[in-house]
Amino acid sequence: MAVLREPALALGGFDPALDVGTPTGGAGDLEMFFRVVAAGHTLVYEPSAVVLHRHRTTMAALHRQRRGDGTGSYSWWLGAGRRYGPRLYAGLRRQALSWAVTHHGRNLARTLLYPELWPPGLTWAEARGAARAATGGLYRAALAQAADQATAHPEEPTAPPLVHPQV
């Protein structure tokens with residue numbers, strides 16, 4: 001993804017607690033997409049853009065990525081989502097529940113029917129990550145880590161406080 005700096009900073013920049021290298025394992029991009037749209041801005045898909053992704057070369061690395069997909073999404077919905085106020089948080093809780101039923105349910109069915117095509121370990125890795133993040137505890141731990149990093153590096157620029165739209 002690419003973002004324009006000024007509009008992103010006007011929304012408070014990326015949430016440092018939703019980043020790779022934190023207990024949440026990611027989802028900062030998803031959370032920023034949400035804030036951009038909720039603030040009335042437009043997302044654009046550019047099919048000719050080229051993005052280099054490093055693909056995982058081992059199953060262990062792929063398991064870590066899938067677990068991070070689970071921890072990241074649920075840390076955003078059920079951790080960072082608390083900061084949006086009761087109405088938006090209720091919607092994010094519904095999203096988390098819907099995703100648990102549809103996405104994880106579908107993956108479980110695929111794993112049971114076609115384990116050679118949909119390895120059980122990958123399904124369980126994402127589900128374990130989701131379950132681990134469901135309490136919001138990973139997000140709280142990541143906020144503490146971000147605060148420690150900011151204190152340890154006071155010379156680094158900081159973004160303004162996160163702007164969570166109250167739509």
# chains A, B, ... in the order shown; residues from 1 in each chain; ligands from 1
>>> residues_around(residues="Gly21 in chain A", least_positions_apart="3", cutoff="12 Å", atoms="only C-alpha atoms", output="short mmCIF file (atom, residue, chain, number, x, y, z; two decimals) with all heavy atoms, in the first residue's frame")
data_model
loop_
_atom_site.label_atom_id
_atom_site.label_comp_id
_atom_site.auth_asym_id
_atom_site.auth_seq_id
_atom_site.Cartn_x
_atom_site.Cartn_y
_atom_site.Cartn_z
N PRO A 16 1.11 2.42 16.16
CA PRO A 16 2.34 1.64 16.37
C PRO A 16 2.11 0.34 17.11
O PRO A 16 2.98 -0.54 17.11
CB PRO A 16 3.23 2.59 17.18
CG PRO A 16 2.28 3.51 17.86
CD PRO A 16 1.11 3.66 16.93
N ALA A 17 0.96 0.16 17.72
CA ALA A 17 0.67 -1.09 18.42
C ALA A 17 0.17 -2.16 17.46
O ALA A 17 0.02 -3.32 17.84
CB ALA A 17 -0.34 -0.86 19.53
N LEU A 18 -0.12 -1.78 16.22
CA LEU A 18 -0.59 -2.74 15.22
C LEU A 18 0.47 -2.86 14.14
O LEU A 18 0.25 -2.51 12.98
CB LEU A 18 -1.93 -2.29 14.62
CG LEU A 18 -3.12 -2.29 15.56
CD1 LEU A 18 -4.33 -1.65 14.89
CD2 LEU A 18 -3.45 -3.70 16.03
N THR A 24 0.94 -7.81 18.67
CA THR A 24 -0.22 -7.99 17.80
C THR A 24 0.14 -8.64 16.48
O THR A 24 -0.70 -9.27 15.85
CB THR A 24 -0.92 -6.64 17.51
OG1 THR A 24 -0.02 -5.81 16.78
CG2 THR A 24 -1.38 -5.97 18.78
N GLY A 25 1.36 -8.45 16.02
CA GLY A 25 1.81 -9.06 14.77
C GLY A 25 1.38 -8.34 13.51
O GLY A 25 1.68 -8.77 12.41
N GLY A 26 0.67 -7.23 13.62
CA GLY A 26 0.29 -6.50 12.42
C GLY A 26 -1.12 -5.97 12.46
O GLY A 26 -1.71 -5.81 13.52
N ALA A 27 -1.66 -5.68 11.29
CA ALA A 27 -3.01 -5.16 11.03
C ALA A 27 -3.05 -3.64 11.01
O ALA A 27 -4.12 -3.05 10.87
CB ALA A 27 -4.07 -5.71 11.96
N GLY A 28 -1.91 -2.97 11.13
CA GLY A 28 -1.90 -1.51 11.05
C GLY A 28 -2.40 -1.01 9.71
O GLY A 28 -3.06 0.02 9.65
N GLN A 65 3.34 -16.64 9.99
CA GLN A 65 2.59 -15.62 9.28
C GLN A 65 1.09 -15.80 9.49
O GLN A 65 0.37 -14.84 9.76
CB GLN A 65 2.88 -15.67 7.78
CG GLN A 65 2.07 -14.65 7.00
CD GLN A 65 2.28 -14.74 5.50
OE1 GLN A 65 3.23 -15.35 5.03
NE2 GLN A 65 1.38 -14.13 4.76
N GLY A 68 0.13 -14.72 12.87
CA GLY A 68 0.13 -13.26 12.88
C GLY A 68 -1.10 -12.67 12.21
O GLY A 68 -1.60 -11.63 12.62
N GLY A 72 -3.22 -10.25 14.44
CA GLY A 72 -3.36 -8.88 13.96
C GLY A 72 -4.81 -8.46 13.80
O GLY A 72 -5.23 -7.43 14.32
N ALA A 141 -0.53 -4.94 25.41
CA ALA A 141 0.91 -5.19 25.51
C ALA A 141 1.68 -4.44 24.43
O ALA A 141 2.76 -3.89 24.67
CB ALA A 141 1.20 -6.69 25.43
N ALA A 142 1.11 -4.38 23.22
CA ALA A 142 1.76 -3.66 22.13
C ALA A 142 1.77 -2.15 22.37
O ALA A 142 2.73 -1.47 22.01
CB ALA A 142 1.08 -3.99 20.80
N GLN A 145 4.59 -1.58 24.68
CA GLN A 145 5.85 -1.69 23.95
C GLN A 145 6.11 -0.42 23.14
O GLN A 145 7.23 0.10 23.13
CB GLN A 145 5.81 -2.90 23.01
CG GLN A 145 7.07 -3.05 22.17
CD GLN A 145 6.98 -4.26 21.24
OE1 GLN A 145 6.35 -5.25 21.55
NE2 GLN A 145 7.61 -4.14 20.09
N ALA A 146 5.08 0.11 22.47
CA ALA A 146 5.24 1.33 21.69
C ALA A 146 5.62 2.51 22.59
O ALA A 146 6.46 3.33 22.22
CB ALA A 146 3.96 1.63 20.91
N GLN A 149 9.25 2.18 23.51
CA GLN A 149 10.11 2.54 22.38
C GLN A 149 10.16 4.06 22.21
O GLN A 149 11.22 4.62 21.94
CB GLN A 149 9.60 1.89 21.09
CG GLN A 149 9.84 0.40 21.04
CD GLN A 149 11.32 0.07 21.00
OE1 GLN A 149 12.09 0.66 20.24
NE2 GLN A 149 11.73 -0.86 21.85
#
>>> select_by_dssp(residues="range 5-167 of chain A", states="alpha helix (DSSP H)", output="PyMOL selection string")
chain A and resi 5-10+28-38+59-78+86-99+105-113+120-133+137-152
>>> closest_residue(among="A:Tyr84, A:Arg66, A:Leu78, A:Gly137", to="Gly121 in chain A", atoms="only C-alpha atoms")
A:Arg66
>>> closest_residue(among="A:Ala80, A:Leu9, A:Val44, A:Leu112", to="Thr135 in chain A", atoms="only C-alpha atoms")
A:Ala80
>>> residues_around(residues="range 45-52 of chain A", least_positions_apart="3", cutoff="12 Å", atoms="only C-alpha atoms", output="PyMOL selection string")
chain A and resi 1-3+33+42+55
>>> write_last_selection(atoms="N, CA and C atoms", output="PDB file, in the first residue's frame")
ATOM      1  N   MET A   1       0.846  -1.177   0.000  1.00  0.00           N
ATOM      2  CA  MET A   1       0.000   0.000   0.000  1.00  0.00           C
ATOM      3  C   MET A   1       0.880   1.224   0.000  1.00  0.00           C
ATOM      4  N   ALA A   2       0.325   2.313  -0.430  1.00  0.00           N
ATOM      5  CA  ALA A   2       1.001   3.597  -0.373  1.00  0.00           C
ATOM      6  C   ALA A   2      -0.041   4.606   0.104  1.00  0.00           C
ATOM      7  N   VAL A   3       0.386   5.544   0.913  1.00  0.00           N
ATOM      8  CA  VAL A   3      -0.524   6.569   1.416  1.00  0.00           C
ATOM      9  C   VAL A   3       0.116   7.933   1.231  1.00  0.00           C
ATOM     10  N   PHE A  33      -6.726   1.626   6.690  1.00  0.00           N
ATOM     11  CA  PHE A  33      -7.743   1.632   5.633  1.00  0.00           C
ATOM     12  C   PHE A  33      -9.097   2.035   6.216  1.00  0.00           C
ATOM     13  N   THR A  42     -10.855   8.414   0.087  1.00  0.00           N
ATOM     14  CA  THR A  42     -11.044   7.339  -0.876  1.00  0.00           C
ATOM     15  C   THR A  42      -9.824   6.438  -0.917  1.00  0.00           C
ATOM     16  N   HIS A  55       7.867 -14.201  -0.046  1.00  0.00           N
ATOM     17  CA  HIS A  55       7.071 -15.371   0.305  1.00  0.00           C
ATOM     18  C   HIS A  55       7.845 -16.240   1.289  1.00  0.00           C
TER      19      HIS A  55
END
>>> atom_distance(atom1="CA of Arg93 in chain A", atom2="CA of Ala8 in chain A")
24.9 Å
>>> residues_around(residues="Trp99 in chain A", least_positions_apart="6", cutoff="12 Å", atoms="only C-alpha atoms", output="ChimeraX atom specification")
/A:70,73-74,77,92-93,105-107,126-127,130
>>> closest_residue(among="A:Arg128, A:Arg5, A:His104, A:His153", to="Arg64 in chain A", atoms="only C-alpha atoms")
A:Arg128
>>> atom_distance(atom1="CA of Leu11 in chain A", atom2="CA of His53 in chain A")
26.6 Å
>>> closest_residue(among="A:Ala134, A:Phe34, A:Leu113, A:Leu43", to="Ala100 in chain A", atoms="only C-alpha atoms")
A:Ala134
>>> residues_around(residues="Leu162 in chain A", least_positions_apart="6", cutoff="8 Å", atoms="only C-alpha atoms", output="MDAnalysis selection string")
chainID A and resid 11:15
>>> write_last_selection(atoms="all heavy atoms", output="compact mmCIF listing (two decimals), in the first residue's frame")
# COMPACT_ATOMS: atom_id res chain seq x y z
N LEU A 11 -4.76 11.83 10.28
CA LEU A 11 -5.51 10.78 10.98
C LEU A 11 -4.72 10.22 12.16
O LEU A 11 -5.17 9.29 12.82
CB LEU A 11 -5.88 9.66 10.02
CG LEU A 11 -6.91 10.01 8.96
CD1 LEU A 11 -7.06 8.87 7.97
CD2 LEU A 11 -8.24 10.34 9.60
N GLY A 12 -3.53 10.74 12.40
CA GLY A 12 -2.71 10.28 13.51
C GLY A 12 -1.63 9.30 13.11
O GLY A 12 -0.95 8.75 13.96
N GLY A 13 -1.45 9.06 11.82
CA GLY A 13 -0.44 8.11 11.38
C GLY A 13 -0.88 6.69 11.68
O GLY A 13 -2.01 6.43 12.08
N PHE A 14 0.03 5.78 11.46
CA PHE A 14 -0.26 4.37 11.74
C PHE A 14 -0.21 4.11 13.23
O PHE A 14 0.59 4.70 13.95
CB PHE A 14 0.75 3.47 11.02
CG PHE A 14 0.52 3.38 9.55
CD1 PHE A 14 1.10 4.29 8.68
CD2 PHE A 14 -0.29 2.39 9.01
CE1 PHE A 14 0.89 4.21 7.32
CE2 PHE A 14 -0.51 2.30 7.66
CZ PHE A 14 0.07 3.22 6.80
N ASP A 15 -1.05 3.23 13.69
CA ASP A 15 -1.07 2.84 15.10
C ASP A 15 0.16 1.96 15.35
O ASP A 15 0.26 0.87 14.81
CB ASP A 15 -2.35 2.05 15.39
CG ASP A 15 -2.53 1.70 16.86
OD1 ASP A 15 -1.52 1.69 17.60
OD2 ASP A 15 -3.67 1.43 17.24
>>> closest_residue(among="A:Gly129, A:Pro154, A:Pro7, A:Gly136", to="Trp76 in chain A", atoms="only C-alpha atoms")
A:Gly136
